[in-house]
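*Asks:* Dumping the structure here so I can ask a few things about it.
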Amino acid sequence: QVRLVESGGGLVQPGDSLRLSCAYSDFSLKWYTIGWFRQAPGKGREGVSYIDSSDRDGSTYYADSVTGRFTISRDNAENTVYLQMNSLKPEDTAVYYCAADPDGRGWTDSGALPPDYWGQGTQVTVSS
C-alpha cells in the first residue's frame with residue numbers, strides 16, 4: 001500500500017524558515033510527480049509546489065504566492081521530497097499535504113482530477 005508521510009510542520013514566527021519532508025513508501029513513486037498542497041481554515045485547497053520525476057528532468061512548479069520563498073527538491077535514494085520554506089508569512093498558515101500523481105495537472109488545473117495519493121497533512125502556523 002502506498003503511503004506518504006509528512007513531517008516538519010510547527011509553529012514559527014514571521015520571517016522564519018521550516019523544511020517539510022514527505023517520505024513515500026513505494027519505490028514506484030520515484031516516477032511520479034510529487035508535491036504539496038495546502039489548505040487554510042475556511043479556504044479552498046491550493047497547489048503550492050510540485051517536482052516532476054527525473055525522466056521529466058525534475059521540472060518544478062510554484063504557486064505565485066510562494067515563488068522566491070519556497071524550494072522543492074527530491075532525494076530518490078531516500079524516497080523523500082522536501083519543501084524548504086523561507087521568509088514565512090502569516091498567510092502561509094495552513095495544513096500542508098503531500099501528494100503524488102503521474103503528472104502535475106492536479107496542482108495547476110482546477111478541472112483536473114486530484115492526485116492519486118495523499119499524506120495525512122502537517123500543520124504549519126506562522127504567528128508572532
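Lettering and numbering for the C-alpha cells are positional, with chains as A, B, ... in the shown order, residues counted from 1 in each chain, and ligands counted from 1 in the shown order.
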Leaving out range 74-85 of chain A and any residue of its chain fewer than 4 positions from it, which residues lie within 10 Å of it when counting only C-alpha atoms, given as a ChimeraX atom specification?
*Replies:* /A:4-8,15-31,34-36,48-54,58,66,68-70,89,92,98
*Asks:* Produce a file of the selected residues containing N, CA and C atoms, as a short mmCIF file (atom, residue, chain, number, x, y, z; two decimals), in the first residue's frame.
*Replies:*
```
data_model
loop_
_atom_site.label_atom_id
_atom_site.label_comp_id
_atom_site.auth_asym_id
_atom_site.auth_seq_id
_atom_site.Cartn_x
_atom_site.Cartn_y
_atom_site.Cartn_z
N LEU A 4 2.28 8.11 2.02
CA LEU A 4 3.04 9.36 2.04
C LEU A 4 2.97 9.90 3.46
N VAL A 5 4.11 10.16 4.05
CA VAL A 5 4.15 10.61 5.45
C VAL A 5 4.88 11.94 5.53
N GLU A 6 4.14 12.99 5.93
CA GLU A 6 4.72 14.32 6.06
C GLU A 6 5.29 14.52 7.46
N SER A 7 6.29 15.38 7.55
CA SER A 7 6.83 15.81 8.83
C SER A 7 7.46 17.17 8.66
N GLY A 8 7.72 17.83 9.78
CA GLY A 8 8.43 19.10 9.75
C GLY A 8 7.60 20.33 10.02
N GLY A 15 8.91 35.46 9.05
CA GLY A 15 10.30 35.59 8.64
C GLY A 15 11.14 34.35 8.89
N ASP A 16 10.63 33.43 9.67
CA ASP A 16 11.36 32.19 9.97
C ASP A 16 11.28 31.21 8.80
N SER A 17 11.99 30.09 8.96
CA SER A 17 12.01 29.04 7.94
C SER A 17 11.58 27.71 8.53
N LEU A 18 11.07 26.85 7.67
CA LEU A 18 10.75 25.46 8.01
C LEU A 18 11.07 24.60 6.81
N ARG A 19 11.38 23.34 7.07
CA ARG A 19 11.54 22.38 5.98
C ARG A 19 10.58 21.22 6.21
N LEU A 20 9.68 21.04 5.28
CA LEU A 20 8.77 19.91 5.32
C LEU A 20 9.38 18.73 4.57
N SER A 21 9.10 17.53 5.06
CA SER A 21 9.55 16.31 4.40
C SER A 21 8.35 15.44 4.08
N CYS A 22 8.44 14.75 2.96
CA CYS A 22 7.41 13.79 2.56
C CYS A 22 8.12 12.49 2.19
N ALA A 23 7.99 11.50 3.05
CA ALA A 23 8.60 10.21 2.80
C ALA A 23 7.57 9.28 2.17
N TYR A 24 7.93 8.67 1.06
CA TYR A 24 6.98 7.77 0.40
C TYR A 24 7.48 6.34 0.47
N SER A 25 6.49 5.43 0.56
CA SER A 25 6.81 4.04 0.89
C SER A 25 7.09 3.17 -0.31
N ASP A 26 6.59 3.60 -1.47
CA ASP A 26 6.64 2.73 -2.64
C ASP A 26 7.68 3.23 -3.63
N PHE A 27 8.61 2.36 -3.99
CA PHE A 27 9.67 2.74 -4.91
C PHE A 27 9.13 3.26 -6.23
N SER A 28 7.94 2.80 -6.64
CA SER A 28 7.38 3.20 -7.93
C SER A 28 7.08 4.70 -7.97
N LEU A 29 6.91 5.34 -6.82
CA LEU A 29 6.64 6.77 -6.80
C LEU A 29 7.84 7.59 -7.26
N LYS A 30 8.96 6.93 -7.41
CA LYS A 30 10.13 7.59 -7.98
C LYS A 30 9.79 8.19 -9.35
N TRP A 31 8.83 7.59 -10.03
CA TRP A 31 8.47 8.04 -11.37
C TRP A 31 7.26 8.96 -11.38
N ILE A 34 5.53 14.58 -7.48
CA ILE A 34 5.22 14.67 -6.06
C ILE A 34 5.31 16.12 -5.63
N GLY A 35 4.40 16.53 -4.78
CA GLY A 35 4.43 17.92 -4.34
C GLY A 35 3.52 18.17 -3.16
N TRP A 36 3.19 19.46 -2.99
CA TRP A 36 2.49 19.91 -1.81
C TRP A 36 1.27 20.75 -2.15
N VAL A 48 0.61 24.19 -4.02
CA VAL A 48 1.75 25.04 -3.65
C VAL A 48 2.95 24.82 -4.56
N SER A 49 3.32 23.56 -4.75
CA SER A 49 4.53 23.26 -5.49
C SER A 49 4.56 21.78 -5.84
N TYR A 50 5.21 21.46 -6.96
CA TYR A 50 5.48 20.06 -7.27
C TYR A 50 6.83 19.93 -7.96
N ILE A 51 7.32 18.69 -7.98
CA ILE A 51 8.54 18.37 -8.70
C ILE A 51 8.30 17.11 -9.50
N ASP A 52 8.65 17.16 -10.75
CA ASP A 52 8.48 16.02 -11.65
C ASP A 52 9.56 14.98 -11.38
N SER A 53 9.35 13.81 -11.96
CA SER A 53 10.34 12.75 -11.86
C SER A 53 11.56 13.08 -12.72
N SER A 54 12.61 12.33 -12.52
CA SER A 54 13.85 12.60 -13.24
C SER A 54 13.71 12.37 -14.73
N GLY A 58 12.92 16.54 -13.77
CA GLY A 58 12.72 17.11 -12.45
C GLY A 58 12.19 18.52 -12.47
N VAL A 66 4.15 31.69 -3.43
CA VAL A 66 5.33 31.18 -2.73
C VAL A 66 6.59 31.29 -3.57
N GLY A 68 9.92 32.26 -5.06
CA GLY A 68 11.01 33.05 -4.50
C GLY A 68 11.24 32.79 -3.02
N ARG A 69 10.30 32.13 -2.37
CA ARG A 69 10.44 31.86 -0.92
C ARG A 69 10.53 30.37 -0.62
N PHE A 70 9.86 29.55 -1.42
CA PHE A 70 9.83 28.10 -1.21
C PHE A 70 10.67 27.42 -2.28
N LYS A 89 5.23 33.79 6.11
CA LYS A 89 4.28 34.85 6.40
C LYS A 89 3.06 34.26 7.12
N ASP A 92 0.85 32.01 5.19
CA ASP A 92 1.28 30.65 4.87
C ASP A 92 0.72 29.63 5.85
N CYS A 98 1.19 16.42 1.40
CA CYS A 98 2.00 15.86 0.33
C CYS A 98 1.09 15.02 -0.57
#
```
*Asks:* Could you write out, as an mmCIF file with N, CA and C atoms, in the first residue's frame, all the residues of range 37-110 of chain A that DSSP marks as alpha helix (DSSP H)?
*Replies:*
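The resulting file, part.cif, is reproduced below:
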```
data_model
loop_
_atom_site.group_PDB
_atom_site.id
_atom_site.type_symbol
_atom_site.label_atom_id
_atom_site.label_comp_id
_atom_site.auth_asym_id
_atom_site.auth_seq_id
_atom_site.Cartn_x
_atom_site.Cartn_y
_atom_site.Cartn_z
ATOM 1 N N ARG A 105 -0.904 18.003 -13.339
ATOM 2 C CA ARG A 105 -2.086 18.793 -13.673
ATOM 3 C C ARG A 105 -2.962 19.094 -12.462
ATOM 4 N N GLY A 106 -2.984 18.197 -11.500
ATOM 5 C CA GLY A 106 -3.816 18.428 -10.318
ATOM 6 C C GLY A 106 -3.420 19.662 -9.540
ATOM 7 N N TRP A 107 -2.170 20.083 -9.704
ATOM 8 C CA TRP A 107 -1.697 21.265 -8.994
ATOM 9 C C TRP A 107 -2.090 22.553 -9.707
ATOM 10 N N THR A 108 -2.189 22.511 -11.025
ATOM 11 C CA THR A 108 -2.341 23.736 -11.802
ATOM 12 C C THR A 108 -3.677 23.885 -12.508
#
```
*Asks:* To one decimal place in Å, what is the distance between CA of Glu46 in chain A and CA of Asn86 in chain A?
*Replies:* 18.1 Å
*Asks:* Which of range 21-110 of chain A counts as strand (DSSP E) under DSSP, as an NGL selection string please?
*Replies:* :A and (21-24 or 33-39 or 45-51 or 60-62 or 70-75 or 80-85 or 94-101)
*Asks:* Check the smallest atom-to-atom distance from each of A:Leu88, A:Ala112, A:Thr93, A:Thr71 to Gly42 in chain A using only C-alpha atoms, then report the winner.
*Replies:* A:Thr93
*Asks:* Kindly indicate which residue among A:Ala63, A:Asp116, A:Thr125, A:Ser87 lies nearest to Pro102 in chain A, using only C-alpha atoms for the distances.
*Replies:*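 Of A:Ala63, A:Asp116, A:Thr125, A:Ser87, the one nearest Pro102 in chain A is A:Asp116, counting only C-alpha atoms.
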